Protein chains: 2
Amino acid sequence: MTVTIDDIAKQAGVSSATISRVLNNSSYVKEETREKVLKVIEEMNYVPSAIARSLSKRETSTIGIIVPDITNSYFGEIIKGISKIAEDVGLNIILFNTNNNVKSELKALEEVKKHRLKGVIMTPCFGNTEFQTDFIETIRGINIPIVLVSADLSYINLSGVFVDDVMGGYEATSALIKSGHKKIGIITGIMSSSSAVNRLKGYKRALEENDIPIINDYIKEGNFDLDIAYELTKDFFKRKNPPTAIIACSNRMTLGVIKALVELKMKIPNDMALIGFNKVELIDIVGIDLSYMEDSPMELGEVSMNLLLDILKSREDEGKIKRINIPPKLILKGSEIFHGKSL
Amino acid sequence: MTVTIDDIAKQAGVSSATISRVLNNSSYVKEETREKVLKVIEEMNYVPSAIARSLSKRETSTIGIIVPDITNSYFGEIIKGISKIAEDVGLNIILFNTNNNVKSELKALEEVKKHRLKGVIMTPCFGNTEFQTDFIETIRGINIPIVLVSADLSYINLSGVFVDDVMGGYEATSALIKSGHKKIGIITGIMSSSSAVNRLKGYKRALEENDIPIINDYIKEGNFDLDIAYELTKDFFKRKNPPTAIIACSNRMTLGVIKALVELKMKIPNDMALIGFNKVELIDIVGIDLSYMEDSPMELGEVSMNLLLDILKSREDEGKIKRINIPPKLILKGSEIFHGKSL
DNA sequence: CTGTTAGCGCTTTCAC
DNA sequence: GTGAAAGCGCTAACAG
């Protein structure tokens with residue numbers, strides 16, 4: 001059917017070993033025969049089989065990426081970052097989309113093992129607590145380097161690149177304080193995720209350092225998604241003394257907040273200041289100058305790919321856990337400004 | 001290193017063929033030995049090598065997806081649709097992101113061949129005319145089923161699933177006419193893409209059917225992206241008699257139009273009606289009730305995956321081209337309403 | 001029902 | 001410099 005290395009060998013009048021050598025530059029081949037071989041390859045339109053090569057070398061040239069939601073451009077950016085540098089080093093990518101479902105995640109990990117992938121970069125599902133032991137067992141049994149990206153796991157210590165969420169929460173809060181706010185509400189992510197916990201930690205730290213009392217009514221737990229954030233925002237106005245600023249701990253929750261504020265006919269930041277987490281695509285074109293803490297997911301992708309490469313290279317310190325924390329950037333556009341109105 | 005089928009065979013006291021049989025259910029195995037085998041597999045934590053299996057069967061269980069921009073949630077949706085049904089039938093996905101770059105696309109196709117993938121689903125780069133012959137040659141030489149999705153190629157006839165763009169342009173235009181508009185501007189995509197051509201065709205047809213003259217100043221060629229659409233929208237107002245409605249032929253161009261209108265302090269639809277193509281994520285929460293033609297990219301993904309499966313199944317009518325056109329849906333939210341103001 | 005054997009298409013010693 | 005041969009981990013006749 002398809003042309004193989006032996007066909008080329010026969011046609012070129014040499015052995016298949018020689019073909020292999022010119023293909024891999026693995027040892028010197030007389031210039032003359034090399035050219036002959038190359039010519040035949042060209043003529044017969046031969047493309048070596050990655051599968052056969054993998055089997056023979058006991059090593060693939062592909063890695064796995066596991067993400068919870070391929071539809072979210074945040075993960076799109078991460079993948080773009082990964083694939084950019086993967087392409088440079090000749091690595092292919094097998095993609096798994098889990099829909100934030102642990103069962104799928106576990107299945108993906110099985111596939112990774114089946115395919116003997118070189119390594120995996122994954123951002124685990126959030127809000128998962130029930131399958132921890134399954135997960136840990138799978139990881140242990142897999143014997144393939146894993147790099148976490150963007151989301152950490154509390155119950156197992158793995159390599160990965162993360163955003164410094166404490167710093168994120170701290171910076172966002174500090175920015176609001178600096179601009180005059182004292183009544184600052186926060187809508188966190190699910191508290192079973194470390195990022196939610198850490199951002200809240202940063203929030204509290206900033207308040208404490210500025211001797212601003214921490215008010216529990218100002219702290220609300222969302223789920224990283226729009227609807228709950230929308231409701232929670234409205235809830236803020238059910239108490240006598242609502243905040244003058246809100247911190248929304250994800251981009252989708254930021255949209256929930258905005259939706260609520262638009263409905264309430266409240267202007268940003270005149271009636272309510274706002275700082276989000278991660279860019280809200282093109283929100284500026286509708287006249288909202290949103291300030292936010294920026295993760296730079298593409299950078300996360302690049303760094304995680306580099307980390308994986310690093311781990312792959314260093315066999316000696318095998319098993320050593322490497323973790324990288326990337327500081328988020330504060331992007332100030334105006335939505336954080338304090339107007340001193342009493343609400 | 002890793003445990004192989006022979007290890008299992010030895011441990012279970014049978015031949016590796018038997019192991020293979022229980023693994024694949026390829027023929028009857030005595031219940032007793034089957035159980036024994038399964039137990040050993042479990043104990044030794046054995047996972048069969050997909051690579052070895054592929055080589056032996058001369059067939060992979062993975063397909064390729066090639067998209068121009070993984071960062072665009074439109075393609076995220078397509079991939080989600082594909083992977084959903086791919087998972088059901090046990091197929092894995094190798095992903096290639098081309099950044100809308102033909103060279104990358106060609107390289108991706110090479111990889112596809114190297115890996116002997118079962119098939120490819122791709123949406124080709126747009127606005128490419130220079131590498132046509134390379135592309136055709138690569139396709140011809142690849143001998144692997146290809147399914148196009150969402151974007152067609154004019155210079156080669158391939159299987160694929162597409163959106164009925166003529167109908168899209170027609171419906172969008174008709175909706176505006178029905179709601180009272182006669183002066184309708186359109187910002188098209190790059191005219192080297194068939195979707196741009198066809199939407200414009202639909203636009204003209206609708207006008208003709210309603211005896212509305214086609215005015216060239218109302219037709220502007222964009223590039224599917226925001227910035228140009230923004231400029232072109234402003235251009236509309238440089239002539240004496242601007243349109244009362246605009247059709248924007250992509251979601252990013254819709255944003256460009258909106259950006260321009262916001263800057264010009266024009267309300268939608270009171271000062272300018274608007275119909276877009278494809279959903280603009282969450283635009284409603286900022287108070288713009290955008291009407292648009294909806295592609296349903298996830299459906300495109302599902303249908304294209306099913307088409308590929310179809311092609312894979314039917315070896316007899318090999319080479320037969322199968323094309324599916326999906327009618328887009330008109331989603332009316334209010335932004336198309338005519339207010340009868342003279343601008 | 002199960003074992004033997006011959007590959008699948010490459011890479012990699014080991015000779016010459 | 002190049003060829004012969006073994007082997008990567010599995011599947012698929014073919015016997016029995």
# chains A, B, ... in the order shown; residues from 1 in each chain; ligands from 1
>>> residues_around(residues="region 275-285 of chain A", least_positions_apart="5", cutoff="6 Å", atoms="only C-alpha atoms (C1' of nucleotides)", output="number ranges by chain")
A: 247-251, 254, 291-294; B: 259
>>> select_by_dssp(residues="region 129-295 of chain A", states="strand (DSSP E or B)", output="PDB file with N, CA and C atoms, in the first residue's frame")
ATOM      1  N   ILE A 146       4.249  14.774  34.232  1.00  0.00           N
ATOM      2  CA  ILE A 146       3.057  15.602  34.172  1.00  0.00           C
ATOM      3  C   ILE A 146       3.382  17.014  34.636  1.00  0.00           C
ATOM      4  N   VAL A 147       2.917  17.967  33.881  1.00  0.00           N
ATOM      5  CA  VAL A 147       3.071  19.367  34.280  1.00  0.00           C
ATOM      6  C   VAL A 147       1.678  19.968  34.395  1.00  0.00           C
ATOM      7  N   LEU A 148       1.395  20.513  35.548  1.00  0.00           N
ATOM      8  CA  LEU A 148       0.117  21.194  35.747  1.00  0.00           C
ATOM      9  C   LEU A 148       0.246  22.618  35.207  1.00  0.00           C
ATOM     10  N   VAL A 149      -0.846  23.137  34.710  1.00  0.00           N
ATOM     11  CA  VAL A 149      -0.781  24.531  34.295  1.00  0.00           C
ATOM     12  C   VAL A 149      -2.032  25.271  34.756  1.00  0.00           C
ATOM     13  N   GLY A 160       4.536  22.076  37.948  1.00  0.00           N
ATOM     14  CA  GLY A 160       3.556  22.884  37.240  1.00  0.00           C
ATOM     15  C   GLY A 160       3.913  24.349  37.210  1.00  0.00           C
ATOM     16  N   VAL A 161       3.171  25.085  36.407  1.00  0.00           N
ATOM     17  CA  VAL A 161       3.332  26.532  36.413  1.00  0.00           C
ATOM     18  C   VAL A 161       1.991  27.172  36.738  1.00  0.00           C
ATOM     19  N   PHE A 162       2.063  28.056  37.689  1.00  0.00           N
ATOM     20  CA  PHE A 162       0.844  28.628  38.235  1.00  0.00           C
ATOM     21  C   PHE A 162       0.920  30.146  38.269  1.00  0.00           C
ATOM     22  N   VAL A 163      -0.222  30.705  38.480  1.00  0.00           N
ATOM     23  CA  VAL A 163      -0.265  32.140  38.661  1.00  0.00           C
ATOM     24  C   VAL A 163      -0.196  32.404  40.160  1.00  0.00           C
ATOM     25  N   ILE A 184     -14.936  47.127  50.079  1.00  0.00           N
ATOM     26  CA  ILE A 184     -14.616  46.350  48.886  1.00  0.00           C
ATOM     27  C   ILE A 184     -15.210  44.954  48.961  1.00  0.00           C
ATOM     28  N   GLY A 185     -16.105  44.657  48.043  1.00  0.00           N
ATOM     29  CA  GLY A 185     -16.678  43.316  47.982  1.00  0.00           C
ATOM     30  C   GLY A 185     -15.832  42.411  47.106  1.00  0.00           C
ATOM     31  N   ILE A 186     -15.914  41.120  47.350  1.00  0.00           N
ATOM     32  CA  ILE A 186     -15.191  40.171  46.494  1.00  0.00           C
ATOM     33  C   ILE A 186     -16.083  38.967  46.204  1.00  0.00           C
ATOM     34  N   ILE A 187     -16.092  38.578  44.962  1.00  0.00           N
ATOM     35  CA  ILE A 187     -16.791  37.348  44.587  1.00  0.00           C
ATOM     36  C   ILE A 187     -15.727  36.339  44.208  1.00  0.00           C
ATOM     37  N   THR A 188     -15.577  35.340  45.045  1.00  0.00           N
ATOM     38  CA  THR A 188     -14.490  34.378  44.854  1.00  0.00           C
ATOM     39  C   THR A 188     -14.923  33.248  43.931  1.00  0.00           C
ATOM     40  N   ILE A 219     -17.780  39.279  51.392  1.00  0.00           N
ATOM     41  CA  ILE A 219     -17.111  38.130  50.765  1.00  0.00           C
ATOM     42  C   ILE A 219     -18.143  37.099  50.333  1.00  0.00           C
ATOM     43  N   LYS A 220     -18.215  36.865  49.045  1.00  0.00           N
ATOM     44  CA  LYS A 220     -19.210  35.917  48.552  1.00  0.00           C
ATOM     45  C   LYS A 220     -18.549  34.851  47.676  1.00  0.00           C
ATOM     46  N   GLU A 221     -18.987  33.608  47.873  1.00  0.00           N
ATOM     47  CA  GLU A 221     -18.402  32.517  47.104  1.00  0.00           C
ATOM     48  C   GLU A 221     -19.187  32.236  45.832  1.00  0.00           C
ATOM     49  N   ALA A 245     -16.951  48.997  45.692  1.00  0.00           N
ATOM     50  CA  ALA A 245     -16.131  48.344  44.659  1.00  0.00           C
ATOM     51  C   ALA A 245     -16.280  46.839  44.771  1.00  0.00           C
ATOM     52  N   ILE A 246     -16.142  46.174  43.642  1.00  0.00           N
ATOM     53  CA  ILE A 246     -16.232  44.721  43.628  1.00  0.00           C
ATOM     54  C   ILE A 246     -15.015  44.132  42.929  1.00  0.00           C
ATOM     55  N   ILE A 247     -14.526  43.048  43.503  1.00  0.00           N
ATOM     56  CA  ILE A 247     -13.489  42.269  42.828  1.00  0.00           C
ATOM     57  C   ILE A 247     -14.136  40.972  42.355  1.00  0.00           C
ATOM     58  N   ALA A 248     -14.039  40.701  41.070  1.00  0.00           N
ATOM     59  CA  ALA A 248     -14.615  39.474  40.519  1.00  0.00           C
ATOM     60  C   ALA A 248     -13.479  38.544  40.113  1.00  0.00           C
ATOM     61  N   ALA A 273     -17.175  50.603  41.457  1.00  0.00           N
ATOM     62  CA  ALA A 273     -15.885  50.287  40.842  1.00  0.00           C
ATOM     63  C   ALA A 273     -15.775  48.776  40.672  1.00  0.00           C
ATOM     64  N   LEU A 274     -14.871  48.369  39.803  1.00  0.00           N
ATOM     65  CA  LEU A 274     -14.786  46.938  39.502  1.00  0.00           C
ATOM     66  C   LEU A 274     -13.377  46.569  39.048  1.00  0.00           C
ATOM     67  N   ILE A 275     -12.886  45.469  39.600  1.00  0.00           N
ATOM     68  CA  ILE A 275     -11.658  44.884  39.069  1.00  0.00           C
ATOM     69  C   ILE A 275     -11.922  43.405  38.821  1.00  0.00           C
ATOM     70  N   GLY A 276     -11.554  42.951  37.647  1.00  0.00           N
ATOM     71  CA  GLY A 276     -11.790  41.557  37.304  1.00  0.00           C
ATOM     72  C   GLY A 276     -10.511  40.743  37.322  1.00  0.00           C
ATOM     73  N   PHE A 277     -10.662  39.472  37.032  1.00  0.00           N
ATOM     74  CA  PHE A 277      -9.492  38.618  36.845  1.00  0.00           C
ATOM     75  C   PHE A 277      -9.517  38.092  35.424  1.00  0.00           C
ATOM     76  N   SER A 291     -10.591  47.324  34.473  1.00  0.00           N
ATOM     77  CA  SER A 291      -9.284  47.014  35.036  1.00  0.00           C
ATOM     78  C   SER A 291      -9.293  45.559  35.485  1.00  0.00           C
ATOM     79  N   TYR A 292      -8.166  44.910  35.365  1.00  0.00           N
ATOM     80  CA  TYR A 292      -8.144  43.487  35.731  1.00  0.00           C
ATOM     81  C   TYR A 292      -6.736  42.983  35.999  1.00  0.00           C
ATOM     82  N   MET A 293      -6.687  41.847  36.676  1.00  0.00           N
ATOM     83  CA  MET A 293      -5.429  41.146  36.882  1.00  0.00           C
ATOM     84  C   MET A 293      -5.266  40.191  35.705  1.00  0.00           C
ATOM     85  N   GLU A 294      -4.132  40.287  35.050  1.00  0.00           N
ATOM     86  CA  GLU A 294      -3.940  39.526  33.818  1.00  0.00           C
ATOM     87  C   GLU A 294      -2.982  38.349  34.004  1.00  0.00           C
TER      88      GLU A 294
END
>>> atom_distance(atom1="CA of Ile258 (chain B)", atom2="CA of Met272 (chain B)")
10.0 Å
>>> select_by_dssp(residues="region 209-290 of chain B", states="alpha helix (DSSP H)", output="JSON, numbers by chain")
{"B": [209, 226, 227, 228, 229, 230, 231, 232, 233, 234, 235, 236, 251, 252, 253, 254, 255, 256, 257, 258, 259, 260, 261, 262, 263]}
>>> closest_residue(among="B:Val29, B:Ile215, B:Ala206, B:Met122", to="DC1 (chain C)", atoms="only C-alpha atoms (C1' of nucleotides)")
B:Val29
>>> closest_atom_pairs(of="chain C", to="chain A", cutoff="12 Å", atoms="only C-alpha atoms (C1' of nucleotides)", output="Markdown table")
| residue | atom | partner | partner_atom | distance |
| --- | --- | --- | --- | --- |
| C:DC8 | C1' | A:Ala52 | CA | 7.9 |
| C:DG9 | C1' | A:Ala52 | CA | 4.9 |
| C:DC10 | C1' | A:Arg53 | CA | 4.9 |
| C:DT11 | C1' | A:Ser56 | CA | 5.7 |
| C:DT12 | C1' | A:Ala17 | CA | 8.8 |
| C:DT13 | C1' | A:Ala17 | CA | 11.5 |
>>> residues_around(residues="Asn270 (chain A)", least_positions_apart="5", cutoff="12 Å", atoms="only C-alpha atoms (C1' of nucleotides)", output="VMD selection string")
chain A and resid 244 to 245 261 265 288 to 289 334 to 343
>>> write_last_selection(atoms="C-alpha atoms", output="PDB file, in the first residue's frame")
ATOM      1  CA  THR A 244     -18.289  50.753  46.598  1.00  0.00           C
ATOM      2  CA  ALA A 245     -16.131  48.344  44.659  1.00  0.00           C
ATOM      3  CA  LEU A 261     -24.808  46.398  37.218  1.00  0.00           C
ATOM      4  CA  LYS A 265     -28.493  51.002  35.806  1.00  0.00           C
ATOM      5  CA  ILE A 288     -16.451  49.708  29.734  1.00  0.00           C
ATOM      6  CA  ASP A 289     -12.842  50.328  30.629  1.00  0.00           C
ATOM      7  CA  GLY A 334     -10.214  53.178  34.932  1.00  0.00           C
ATOM      8  CA  SER A 335     -12.921  50.903  36.255  1.00  0.00           C
ATOM      9  CA  GLU A 336     -11.244  50.907  39.657  1.00  0.00           C
ATOM     10  CA  ILE A 337     -11.596  54.622  40.259  1.00  0.00           C
ATOM     11  CA  PHE A 338     -13.297  55.818  43.427  1.00  0.00           C
ATOM     12  CA  HIS A 339     -15.979  58.452  43.036  1.00  0.00           C
ATOM     13  CA  GLY A 340     -16.761  58.853  46.676  1.00  0.00           C
ATOM     14  CA  LYS A 341     -20.477  58.550  46.275  1.00  0.00           C
ATOM     15  CA  SER A 342     -22.411  57.050  49.106  1.00  0.00           C
ATOM     16  CA  LEU A 343     -24.596  54.343  47.728  1.00  0.00           C
TER      17      LEU A 343
END
>>> atom_distance(atom1="CA of Ser104 (chain B)", atom2="CA of Val22 (chain A)")
24.6 Å
>>> residues_around(residues="region 84-99 of chain B", least_positions_apart="3", cutoff="9 Å", atoms="only C-alpha atoms (C1' of nucleotides)", output="MDAnalysis selection string")
(chainID A and resid 62 79:80 83:84 92:97 111) or (chainID B and resid 60:70 79:81 102:105 108 112 117 124:125 301:302 305:306)
>>> residues_around(residues="DT5 (chain C)", least_positions_apart="5", cutoff="12 Å", atoms="only C-alpha atoms (C1' of nucleotides)", output="ChimeraX atom specification")
/B:17 /D:11-15
>>> write_last_selection(atoms="N, CA and C atoms (P, O5', C5', C4', C3', O3' and C1' of nucleotides)", output="mmCIF file, in the first residue's frame")
data_model
loop_
_atom_site.group_PDB
_atom_site.id
_atom_site.type_symbol
_atom_site.label_atom_id
_atom_site.label_comp_id
_atom_site.auth_asym_id
_atom_site.auth_seq_id
_atom_site.Cartn_x
_atom_site.Cartn_y
_atom_site.Cartn_z
ATOM 1 N N ALA B 17 -0.769 -14.591 22.389
ATOM 2 C CA ALA B 17 -1.927 -14.542 21.504
ATOM 3 C C ALA B 17 -3.213 -14.533 22.321
ATOM 4 P P DT D 11 -3.098 -6.371 19.990
ATOM 5 O "O5'" DT D 11 -2.922 -6.925 18.498
ATOM 6 C "C5'" DT D 11 -2.937 -5.998 17.421
ATOM 7 C "C4'" DT D 11 -2.916 -6.754 16.119
ATOM 8 C "C3'" DT D 11 -4.061 -7.711 15.902
ATOM 9 O "O3'" DT D 11 -4.414 -7.585 14.527
ATOM 10 C "C1'" DT D 11 -2.026 -8.888 15.730
ATOM 11 P P DA D 12 -5.715 -8.227 13.958
ATOM 12 O "O5'" DA D 12 -5.144 -9.424 13.088
ATOM 13 C "C5'" DA D 12 -4.074 -9.173 12.178
ATOM 14 C "C4'" DA D 12 -3.752 -10.465 11.482
ATOM 15 C "C3'" DA D 12 -4.963 -11.358 11.235
ATOM 16 O "O3'" DA D 12 -4.719 -12.057 10.018
ATOM 17 C "C1'" DA D 12 -3.456 -12.475 12.662
ATOM 18 P P DA D 13 -5.977 -12.641 9.188
ATOM 19 O "O5'" DA D 13 -6.350 -13.965 9.963
ATOM 20 C "C5'" DA D 13 -6.413 -15.179 9.269
ATOM 21 C "C4'" DA D 13 -5.092 -15.520 8.623
ATOM 22 C "C3'" DA D 13 -4.994 -16.990 8.278
ATOM 23 O "O3'" DA D 13 -4.231 -17.227 7.118
ATOM 24 C "C1'" DA D 13 -3.513 -16.469 10.101
ATOM 25 P P DC D 14 -4.411 -18.630 6.305
ATOM 26 O "O5'" DC D 14 -3.717 -19.684 7.273
ATOM 27 C "C5'" DC D 14 -2.322 -19.567 7.569
ATOM 28 C "C4'" DC D 14 -1.926 -20.670 8.518
ATOM 29 C "C3'" DC D 14 -2.737 -21.958 8.323
ATOM 30 O "O3'" DC D 14 -1.851 -23.062 8.281
ATOM 31 C "C1'" DC D 14 -2.778 -21.292 10.588
ATOM 32 P P DA D 15 -2.310 -24.402 7.420
ATOM 33 O "O5'" DA D 15 -2.024 -25.524 8.512
ATOM 34 C "C5'" DA D 15 -2.656 -25.393 9.748
ATOM 35 C "C4'" DA D 15 -1.690 -25.715 10.847
ATOM 36 C "C3'" DA D 15 -1.942 -27.109 11.428
ATOM 37 O "O3'" DA D 15 -0.753 -27.634 11.966
ATOM 38 C "C1'" DA D 15 -2.618 -25.408 12.976
#
